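Listing of protein.txt; format and content: compact mmCIF, C-alpha atoms.
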# COMPACT_ATOMS: atom_id res chain seq x y z
CA MET N 1 0.00 0.00 0.00
CA SER N 2 1.31 3.44 -0.89
CA LEU N 3 1.89 6.11 1.76
CA ALA N 4 -0.92 8.24 0.32
CA LYS N 5 -3.43 5.38 0.56
CA ALA N 6 -2.28 4.47 4.06
CA CYS N 7 -2.74 8.09 5.23
CA ARG N 8 -6.23 8.25 3.72
CA ALA N 9 -7.17 4.96 5.38
CA LEU N 10 -5.98 6.22 8.76
CA GLY N 11 -7.46 9.68 8.34
CA VAL N 12 -4.15 11.54 8.72
CA SER N 13 -2.25 13.90 6.45
CA ARG N 14 1.10 13.09 4.89
CA SER N 15 2.60 16.12 6.63
CA GLY N 16 1.26 14.86 9.94
CA TYR N 17 2.80 11.45 9.31
CA HIS N 18 6.22 12.95 8.60
CA ALA N 19 5.92 15.20 11.66
CA HIS N 20 5.24 12.11 13.76
CA LEU N 21 8.40 10.46 12.42
CA ARG N 22 10.41 13.50 13.42
CA LYS N 23 9.05 13.22 16.98
CA GLN N 24 10.95 9.98 17.39
CA GLN N 25 14.18 11.96 17.41
CA ARG N 26 13.19 14.26 20.26
CA PRO N 27 15.27 13.96 23.48
CA ARG N 28 12.43 12.38 25.48
CA ARG N 29 11.91 9.68 22.85
CA ARG N 30 15.65 8.97 22.71
CA GLN N 31 15.75 8.74 26.50
CA ASP N 32 12.78 6.36 26.45
CA ALA N 33 14.54 4.15 23.92
CA GLN N 34 17.68 3.98 26.06
CA LEU N 35 15.68 3.41 29.24
CA ALA N 36 13.61 0.70 27.56
CA THR N 37 16.83 -1.21 26.84
CA GLU N 38 17.89 -0.95 30.49
CA ILE N 39 14.44 -2.05 31.65
CA HIS N 40 14.48 -5.06 29.36
CA ALA N 41 17.93 -6.11 30.59
CA ALA N 42 16.93 -5.72 34.26
CA PHE N 43 13.68 -7.61 33.66
CA ILE N 44 15.53 -10.53 32.05
CA ALA N 45 18.10 -10.51 34.88
CA SER N 46 15.21 -10.82 37.35
CA ARG N 47 14.06 -13.97 35.57
CA ALA N 48 10.91 -12.14 34.48
CA THR N 49 9.87 -11.67 38.12
CA TYR N 50 10.21 -7.90 38.68
CA GLY N 51 7.28 -5.57 38.17
CA SER N 52 7.75 -1.82 37.91
CA PRO N 53 8.21 -1.16 41.68
CA ARG N 54 11.16 -3.57 41.91
CA LEU N 55 12.58 -2.39 38.61
CA VAL N 56 12.60 1.17 39.98
CA HIS N 57 14.98 0.01 42.72
CA ALA N 58 16.99 -2.29 40.45
CA LEU N 59 17.65 0.63 38.09
CA ARG N 60 18.47 3.00 40.94
CA ALA N 61 21.24 0.62 41.95
CA LYS N 62 22.71 1.33 38.51
CA GLY N 63 22.37 5.09 38.94
CA LEU N 64 19.19 5.40 36.86
CA ARG N 65 16.48 7.27 38.74
CA HIS N 66 13.10 7.11 37.02
CA GLY N 67 9.53 7.05 38.26
CA ASN N 68 7.31 4.01 38.56
CA ASN N 69 4.75 5.27 36.02
CA ARG N 70 7.35 5.79 33.31
CA ILE N 71 8.87 2.35 33.86
CA ALA N 72 5.42 0.73 33.90
CA ARG N 73 4.56 2.44 30.59
CA LEU N 74 7.78 1.27 28.93
CA MET N 75 7.18 -2.24 30.25
CA ARG N 76 3.72 -2.27 28.67
CA GLU N 77 5.14 -1.04 25.37
CA GLN N 78 7.60 -3.95 25.38
CA HIS N 79 4.91 -6.44 26.53
CA LEU N 80 6.96 -7.34 29.61
CA ARG N 81 4.75 -9.24 32.04
CA VAL N 82 5.84 -10.79 35.32
CA ARG N 83 5.12 -14.38 36.23
CA GLN N 84 1.95 -14.45 38.29
CA LYS N 85 1.70 -16.27 41.60
CA ARG N 86 -0.89 -18.97 41.79
CA ARG N 87 -3.77 -18.39 44.13
CA PHE N 88 -2.95 -19.75 47.56
CA VAL N 89 -5.08 -22.76 48.44
CA PRO N 90 -4.68 -23.91 52.06
CA ARG N 91 -3.60 -27.54 52.26
CA THR N 92 -4.36 -30.08 54.94
CA THR N 93 -1.51 -30.81 57.34
CA VAL N 94 -1.16 -34.45 58.34
CA THR N 95 -1.25 -34.36 62.13
CA ASP N 96 -0.61 -36.94 64.80
CA LYS N 97 -3.43 -36.42 67.29
CA THR N 98 -1.54 -38.35 69.95
CA ALA N 99 1.63 -36.24 69.72
CA ALA N 100 2.48 -33.34 72.00
CA THR N 101 2.25 -29.89 70.42
CA ALA N 102 3.72 -26.52 71.31
CA PRO N 103 1.78 -23.29 71.89
CA ASN N 104 1.77 -20.53 69.30
CA HIS N 105 4.41 -18.17 70.70
CA LEU N 106 4.65 -16.31 67.39
CA LEU N 107 1.28 -14.59 67.86
CA GLN N 108 2.51 -13.00 71.09
CA ARG N 109 5.68 -11.48 69.64
CA PRO N 110 6.33 -8.35 67.57
CA ALA N 111 8.10 -8.73 64.24
CA PRO N 112 11.76 -9.70 64.85
CA ASN N 113 14.37 -6.97 64.42
CA ARG N 114 17.48 -9.14 64.72
CA LEU N 115 18.77 -12.30 63.10
CA ASN N 116 18.26 -15.70 64.74
CA GLU N 117 15.33 -14.48 66.79
CA VAL N 118 12.59 -16.38 64.92
CA TRP N 119 12.89 -19.08 62.28
CA VAL N 120 9.83 -20.34 60.44
CA THR N 121 9.59 -23.62 58.57
CA ASP N 122 7.20 -25.60 56.43
CA ILE N 123 6.95 -28.43 53.91
CA THR N 124 5.52 -28.19 50.41
CA TYR N 125 5.24 -30.51 47.43
CA LEU N 126 6.52 -30.05 43.87
CA PRO N 127 5.07 -32.01 40.94
CA THR N 128 7.41 -33.78 38.54
CA ARG N 129 6.74 -36.31 35.79
CA GLU N 130 8.27 -38.94 38.08
CA GLY N 131 5.92 -38.08 40.95
CA TRP N 132 5.95 -35.70 43.92
CA LEU N 133 9.13 -34.14 45.30
CA TYR N 134 8.73 -32.86 48.86
CA LEU N 135 10.61 -29.73 49.95
CA ALA N 136 11.22 -28.45 53.49
CA ALA N 137 12.85 -25.10 54.25
CA GLU N 138 13.91 -22.94 57.19
CA MET N 139 13.60 -19.14 56.93
CA ASP N 140 14.96 -16.42 59.23
CA LEU N 141 11.88 -14.26 59.73
CA CYS N 142 13.96 -11.10 60.17
CA SER N 143 15.85 -11.28 56.87
CA ARG N 144 13.57 -13.67 54.94
CA ARG N 145 16.70 -15.65 54.05
CA ILE N 146 16.27 -19.36 53.39
CA LEU N 147 18.91 -20.77 55.73
CA GLY N 148 18.47 -24.44 54.96
CA TRP N 149 16.35 -26.65 52.74
CA SER N 150 16.00 -30.31 51.92
CA THR N 151 14.13 -32.53 49.46
CA ARG N 152 12.92 -36.12 49.58
CA GLU N 153 10.59 -38.43 47.73
CA ASP N 154 8.60 -38.97 50.92
CA LEU N 155 7.44 -37.07 54.00
CA ALA N 156 9.66 -38.78 56.55
CA THR N 157 10.81 -36.77 59.56
CA GLU N 158 14.32 -36.75 58.09
CA LEU N 159 13.05 -34.19 55.53
CA PRO N 160 12.57 -31.22 57.91
CA SER N 161 15.38 -32.48 60.17
CA ALA N 162 17.89 -32.14 57.32
CA ALA N 163 16.64 -28.63 56.54
CA LEU N 164 17.05 -27.65 60.21
CA GLU N 165 20.59 -29.03 60.42
CA ARG N 166 21.61 -27.17 57.27
CA ALA N 167 20.16 -23.95 58.68
CA LEU N 168 22.16 -24.41 61.88
CA GLN N 169 25.30 -25.07 59.85
CA ALA N 170 24.66 -21.90 57.83
CA ARG N 171 24.64 -19.85 61.04
CA GLY N 172 27.74 -21.60 62.35
CA ALA N 173 26.55 -21.85 65.96
CA ASN N 174 23.56 -22.63 68.14
CA PRO N 175 21.44 -19.46 68.09
CA SER N 176 20.68 -18.33 71.63
CA GLY N 177 17.00 -17.72 72.42
CA LEU N 178 15.77 -18.89 69.03
CA LEU N 179 12.04 -19.44 68.50
CA HIS N 180 11.25 -22.10 65.90
CA HIS N 181 7.75 -21.91 64.38
CA SER N 182 6.04 -24.62 62.32
CA ASP N 183 2.62 -26.10 61.73
CA ARG N 184 1.39 -29.14 63.68
CA GLY N 185 2.42 -31.65 61.03
CA CYS N 186 3.44 -35.05 62.30
CA GLN N 187 7.04 -34.44 61.18
CA TYR N 188 7.37 -31.45 63.52
CA THR N 189 5.52 -33.00 66.46
CA SER N 190 7.53 -36.22 66.24
CA THR N 191 9.68 -37.21 69.17
CA GLU N 192 12.79 -37.14 66.98
CA PHE N 193 12.27 -33.58 65.77
CA ARG N 194 11.34 -32.23 69.22
CA LYS N 195 14.50 -33.81 70.63
CA ARG N 196 16.59 -32.01 68.01
CA LEU N 197 15.14 -28.66 69.07
CA LYS N 198 15.59 -29.39 72.77
CA LEU N 199 19.19 -30.51 72.26
CA ARG N 200 19.95 -27.15 70.63
CA GLY N 201 18.08 -25.12 73.24
CA ILE N 202 15.51 -23.96 70.67
CA THR N 203 11.96 -23.09 71.74
CA ALA N 204 9.22 -24.71 69.64
CA SER N 205 6.14 -22.77 68.49
CA MET N 206 3.29 -24.15 66.39
CA SER N 207 0.40 -22.70 64.44
CA ARG N 208 -3.14 -23.08 65.70
CA THR N 209 -5.06 -26.10 64.49
CA ALA N 210 -6.32 -25.70 60.89
CA ASN N 211 -4.94 -22.15 60.68
CA CYS N 212 -2.25 -22.20 58.00
CA TYR N 213 -2.21 -18.38 57.86
CA ASP N 214 -0.32 -18.35 61.17
CA ASN N 215 2.71 -19.20 59.04
CA ALA N 216 1.87 -16.79 56.24
CA THR N 217 5.48 -15.81 55.49
CA MET N 218 6.45 -19.34 54.55
CA GLU N 219 3.24 -19.85 52.59
CA SER N 220 4.07 -16.67 50.66
CA PHE N 221 7.57 -17.96 49.94
CA TRP N 222 6.19 -21.22 48.57
CA ALA N 223 3.87 -19.30 46.24
CA THR N 224 6.79 -17.12 45.09
CA LEU N 225 9.08 -20.09 44.50
CA LYS N 226 6.48 -22.05 42.55
CA ALA N 227 5.66 -19.07 40.33
CA GLU N 228 9.18 -17.76 39.74
CA CYS N 229 11.11 -21.01 39.69
CA PHE N 230 8.66 -23.32 37.92
CA GLY N 231 5.87 -21.20 36.43
CA SER N 232 3.60 -23.52 34.50
CA SER N 233 6.33 -26.05 33.68
CA VAL N 234 6.57 -29.49 35.28
CA PRO N 235 10.13 -30.86 35.60
CA SER N 236 10.75 -34.20 33.93
CA THR N 237 12.53 -35.71 36.92
CA ARG N 238 12.93 -35.14 40.64
CA ALA N 239 16.62 -34.47 40.05
CA GLN N 240 15.75 -31.68 37.63
CA ALA N 241 13.30 -30.16 40.12
CA ARG N 242 15.94 -30.34 42.88
CA SER N 243 18.46 -28.60 40.61
CA MET N 244 15.94 -25.86 39.81
CA VAL N 245 15.26 -25.29 43.51
CA PHE N 246 18.99 -25.03 44.21
CA ASP N 247 19.47 -22.51 41.41
CA TYR N 248 16.49 -20.41 42.52
CA ILE N 249 17.28 -20.25 46.24
CA GLU N 250 21.06 -20.14 46.23
CA THR N 251 21.82 -18.05 43.15
CA PHE N 252 18.75 -15.80 42.94
CA TYR N 253 16.39 -15.58 45.92
CA ASN N 254 18.92 -15.24 48.76
CA PRO N 255 21.63 -13.12 47.09
CA VAL N 256 19.78 -11.17 44.38
CA ARG N 257 15.99 -10.97 44.57
CA LEU N 258 14.77 -7.62 45.91
CA HIS N 259 12.27 -8.06 48.75
CA SER N 260 9.68 -5.34 49.40
CA ALA N 261 9.56 -6.16 53.13
CA LEU N 262 13.32 -5.51 53.34
CA GLY N 263 13.28 -2.07 51.73
CA PHE N 264 13.93 -3.62 48.32
CA GLN N 265 17.11 -5.40 49.35
CA SER N 266 17.95 -9.05 48.91
CA PRO N 267 17.97 -11.21 52.05
CA LEU N 268 21.77 -11.45 52.05
CA ALA N 269 22.21 -7.71 51.46
CA PHE N 270 19.76 -6.98 54.28
CA GLU N 271 21.67 -9.23 56.66
CA LEU N 272 24.92 -7.45 55.81
CA SER N 273 23.27 -4.06 56.35
CA ILE N 274 21.99 -4.85 59.84
CA GLN N 275 25.24 -6.58 60.84
CA ASN N 276 27.21 -3.48 59.87
CA ASN N 277 24.97 -1.10 61.84
Would it be possible to restate this file's structure as structure tokens?
Amino acid sequence: MSLAKACRALGVSRSGYHAHLRKQQRPRRRQDAQLATEIHAAFIASRATYGSPRLVHALRAKGLRHGNNRIARLMREQHLRVRQKRRFVPRTTVTDKTAATAPNHLLQRPAPNRLNEVWVTDITYLPTREGWLYLAAEMDLCSRRILGWSTREDLATELPSAALERALQARGANPSGLLHHSDRGCQYTSTEFRKRLKLRGITASMSRTANCYDNATMESFWATLKAECFGSSVPSTRAQARSMVFDYIETFYNPVRLHSALGFQSPLAFELSIQNN
């Protein structure tokens, strides 16, 4: 189609069309083009997980200070869309009604302001084409850092026990006065697991019966991991799923991913900041 026919079809003049082309060379348009490149690079580096608020902070770390609205507009123009979390559906915890449980100490405490004050833990399940892979993790509630994690093909007590031991190894010592919060799953109420806590001088705390929201921070982490690490894909094998979890937690979530609750710092950066103050 000729330019004249295209202009008639669109109801614009040829002079208007040429004027529009010249607008592309204006400083604001050139700045937008350069900024769009930076946004795209930062978005890809975030593994397609950062929306405009996090990209604002990611770009500021590079010395680029731009508003949220401008970044959101340039994201839309490039069709950059973040991976969406799945809707949280509470799951049923397998409890042992004969086992001793601990009270919910977490409800009585303010949010922790130092490391090793409160750790929270939970178990989730990951689908693979070989079957379920079960994942347990320990999080420091102050820094949101995943201190230790473990996977198994079953829900034996060794699953959360291994995650706990790795978390303790990560800290390098027995944390004094640590509160350890979990649900009332049979793995956490087992004699073996309670002995591990007692041996380390750790106080147990457990969510109220049938109230999974008492451990909302861990539930939120599971939703984030499943959306950002797996999306809609199902790993072919348990080994592949385990490798993906390692890559997500150890090379992205802990050292890199900006966390809104931490003033848009990564968990490791936040820990360094409070240790240096």
Shell of 6 Å around N:Pro267, only C-alpha atoms, local chain residues under 5 positions omitted, as an mmCIF file with C-alpha atoms, in the frame of the given file:
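Okay, part04.cif is ready:
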data_model
loop_
_atom_site.group_PDB
_atom_site.id
_atom_site.type_symbol
_atom_site.label_atom_id
_atom_site.label_comp_id
_atom_site.auth_asym_id
_atom_site.auth_seq_id
_atom_site.Cartn_x
_atom_site.Cartn_y
_atom_site.Cartn_z
ATOM 1 C CA SER N 143 15.850 -11.280 56.870
ATOM 2 C CA ARG N 144 13.570 -13.670 54.940
ATOM 3 C CA ARG N 145 16.700 -15.650 54.050
ATOM 4 C CA ASN N 254 18.920 -15.240 48.760
#
Please determine, counting only C-alpha atoms, which residue among N:Arg65, N:Arg81, N:His18, N:Arg194 has the shortest atom-to-atom distance to N:Phe43.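 Smallest distance to N:Phe43 is found for N:Arg81.
For the set N:Leu268, N:Leu74, N:Asn276, N:Gly231, the residue with the smallest atom-to-atom gap to N:Asp140 is N:Leu268, counting only C-alpha atoms.
Between N:Phe230 and the candidates N:Ile39, N:Ala9, N:Leu59, N:Val245, the tightest atom-to-atom separation, counting only C-alpha atoms, involves N:Val245.
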Taking 4 positions as the minimum chain separation for residues in the same chain, which residues sit within 12 Å of N:Gln275 when counting all atoms listed in the file? Answer as a list in words. Asn113, Arg114, Leu115, Ser143, Leu268, Ala269, Phe270 and Glu271 of chain N
Neighbour residues at most 6 Å from (12.3, -13.4, 42.2) (all atoms listed in the file) as an MDAnalysis selection string: chainID N and resid 49 228 253 257
Produce a file of the selected residues containing C-alpha atoms, as an mmCIF file, in the coordinates of the input.
data_model
loop_
_atom_site.group_PDB
_atom_site.id
_atom_site.type_symbol
_atom_site.label_atom_id
_atom_site.label_comp_id
_atom_site.auth_asym_id
_atom_site.auth_seq_id
_atom_site.Cartn_x
_atom_site.Cartn_y
_atom_site.Cartn_z
ATOM 1 C CA THR N 49 9.870 -11.670 38.120
ATOM 2 C CA GLU N 228 9.180 -17.760 39.740
ATOM 3 C CA TYR N 253 16.390 -15.580 45.920
ATOM 4 C CA ARG N 257 15.990 -10.970 44.570
#
For the interface of stretch 189-269 of chain N with stretch 116-134 of chain N (cut-off 10 Å, counting only C-alpha atoms), please tabulate each contacting residue of stretch 189-269 of chain N alongside its nearest pair of atoms and their separation in Å to one decimal, rows sorted by chain and increasing number, as JSON lines.
{"residue": "N:Ile202", "atom": "CA", "partner": "N:Val118", "partner_atom": "CA", "distance": 10.0}
{"residue": "N:Thr203", "atom": "CA", "partner": "N:Val118", "partner_atom": "CA", "distance": 9.6}
{"residue": "N:Ala204", "atom": "CA", "partner": "N:Trp119", "partner_atom": "CA", "distance": 10.0}
{"residue": "N:Ser205", "atom": "CA", "partner": "N:Val120", "partner_atom": "CA", "distance": 9.2}
{"residue": "N:Met206", "atom": "CA", "partner": "N:Val120", "partner_atom": "CA", "distance": 9.6}
{"residue": "N:Asn215", "atom": "CA", "partner": "N:Val120", "partner_atom": "CA", "distance": 7.3}
{"residue": "N:Ala216", "atom": "CA", "partner": "N:Val120", "partner_atom": "CA", "distance": 9.7}
{"residue": "N:Thr217", "atom": "CA", "partner": "N:Val120", "partner_atom": "CA", "distance": 8.0}
{"residue": "N:Met218", "atom": "CA", "partner": "N:Asp122", "partner_atom": "CA", "distance": 6.6}
{"residue": "N:Glu219", "atom": "CA", "partner": "N:Asp122", "partner_atom": "CA", "distance": 8.0}
{"residue": "N:Trp222", "atom": "CA", "partner": "N:Thr124", "partner_atom": "CA", "distance": 7.2}
{"residue": "N:Ala223", "atom": "CA", "partner": "N:Thr124", "partner_atom": "CA", "distance": 10.0}
{"residue": "N:Lys226", "atom": "CA", "partner": "N:Leu126", "partner_atom": "CA", "distance": 8.1}
{"residue": "N:Phe230", "atom": "CA", "partner": "N:Leu126", "partner_atom": "CA", "distance": 9.2}
{"residue": "N:Ser233", "atom": "CA", "partner": "N:Thr128", "partner_atom": "CA", "distance": 9.2}
{"residue": "N:Val234", "atom": "CA", "partner": "N:Thr128", "partner_atom": "CA", "distance": 5.5}
{"residue": "N:Pro235", "atom": "CA", "partner": "N:Thr128", "partner_atom": "CA", "distance": 5.0}
{"residue": "N:Ser236", "atom": "CA", "partner": "N:Arg129", "partner_atom": "CA", "distance": 4.9}
{"residue": "N:Thr237", "atom": "CA", "partner": "N:Glu130", "partner_atom": "CA", "distance": 5.5}
{"residue": "N:Arg238", "atom": "CA", "partner": "N:Thr128", "partner_atom": "CA", "distance": 6.1}
{"residue": "N:Ala239", "atom": "CA", "partner": "N:Leu133", "partner_atom": "CA", "distance": 9.2}
{"residue": "N:Gln240", "atom": "CA", "partner": "N:Thr128", "partner_atom": "CA", "distance": 8.6}
{"residue": "N:Ala241", "atom": "CA", "partner": "N:Thr128", "partner_atom": "CA", "distance": 7.1}
{"residue": "N:Arg242", "atom": "CA", "partner": "N:Leu133", "partner_atom": "CA", "distance": 8.2}
{"residue": "N:Val245", "atom": "CA", "partner": "N:Leu126", "partner_atom": "CA", "distance": 10.0}
May I have the protein, DNA and RNA residues with an atom at most 12 Å from (24.3, -26.0, 60.3), counting all atoms listed in the file in the file's coordinates, returned as a ChimeraX atom specification? /N:138,147-149,161-175,200
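The gap separating atom CA of N:Gly185 from atom CA of N:Ser207 is 9.8 Å, in Å to one decimal.
Atom CA of N:Ser52 sits 11.4 Å away from atom CA of N:His40.
Taking atom CA of N:Ala102 as the reference point, atom CA of N:Ser150 is found at 23.3 Å.
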Closest to N:Gly51 among N:Arg30, N:His180, N:Arg152, N:His259, using only C-alpha atoms?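 Nearest to N:Gly51: N:His259.
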Could you name the residues that touch N:His57 at 10 Å or less, counting only C-alpha atoms, but leaving out those on the same chain fewer than 5 positions away, as an MDAnalysis selection string? chainID N and resid 52 62:68 258 263:265
For N:Arg47, list every protein, DNA or RNA residue within 10 Å, evaluated using all atoms listed in the file, and leave out those in the same chain fewer than 3 positions away; present the list as a compact mmCIF listing (two decimals) with C-alpha atoms, in the coordinates of the input.
# COMPACT_ATOMS: atom_id res chain seq x y z
CA ALA N 42 16.93 -5.72 34.26
CA PHE N 43 13.68 -7.61 33.66
CA ILE N 44 15.53 -10.53 32.05
CA TYR N 50 10.21 -7.90 38.68
CA VAL N 82 5.84 -10.79 35.32
CA ARG N 83 5.12 -14.38 36.23
CA GLU N 228 9.18 -17.76 39.74
CA CYS N 229 11.11 -21.01 39.69
CA TYR N 248 16.49 -20.41 42.52
CA PHE N 252 18.75 -15.80 42.94
CA ARG N 257 15.99 -10.97 44.57
Which residue gives the smallest distance to N:Gly177 among N:Asp154, N:Ala48, N:Gly201, N:Ala99, with all atoms listed in the file counted?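 Closest residue, counting all atoms listed in the file: N:Gly201.
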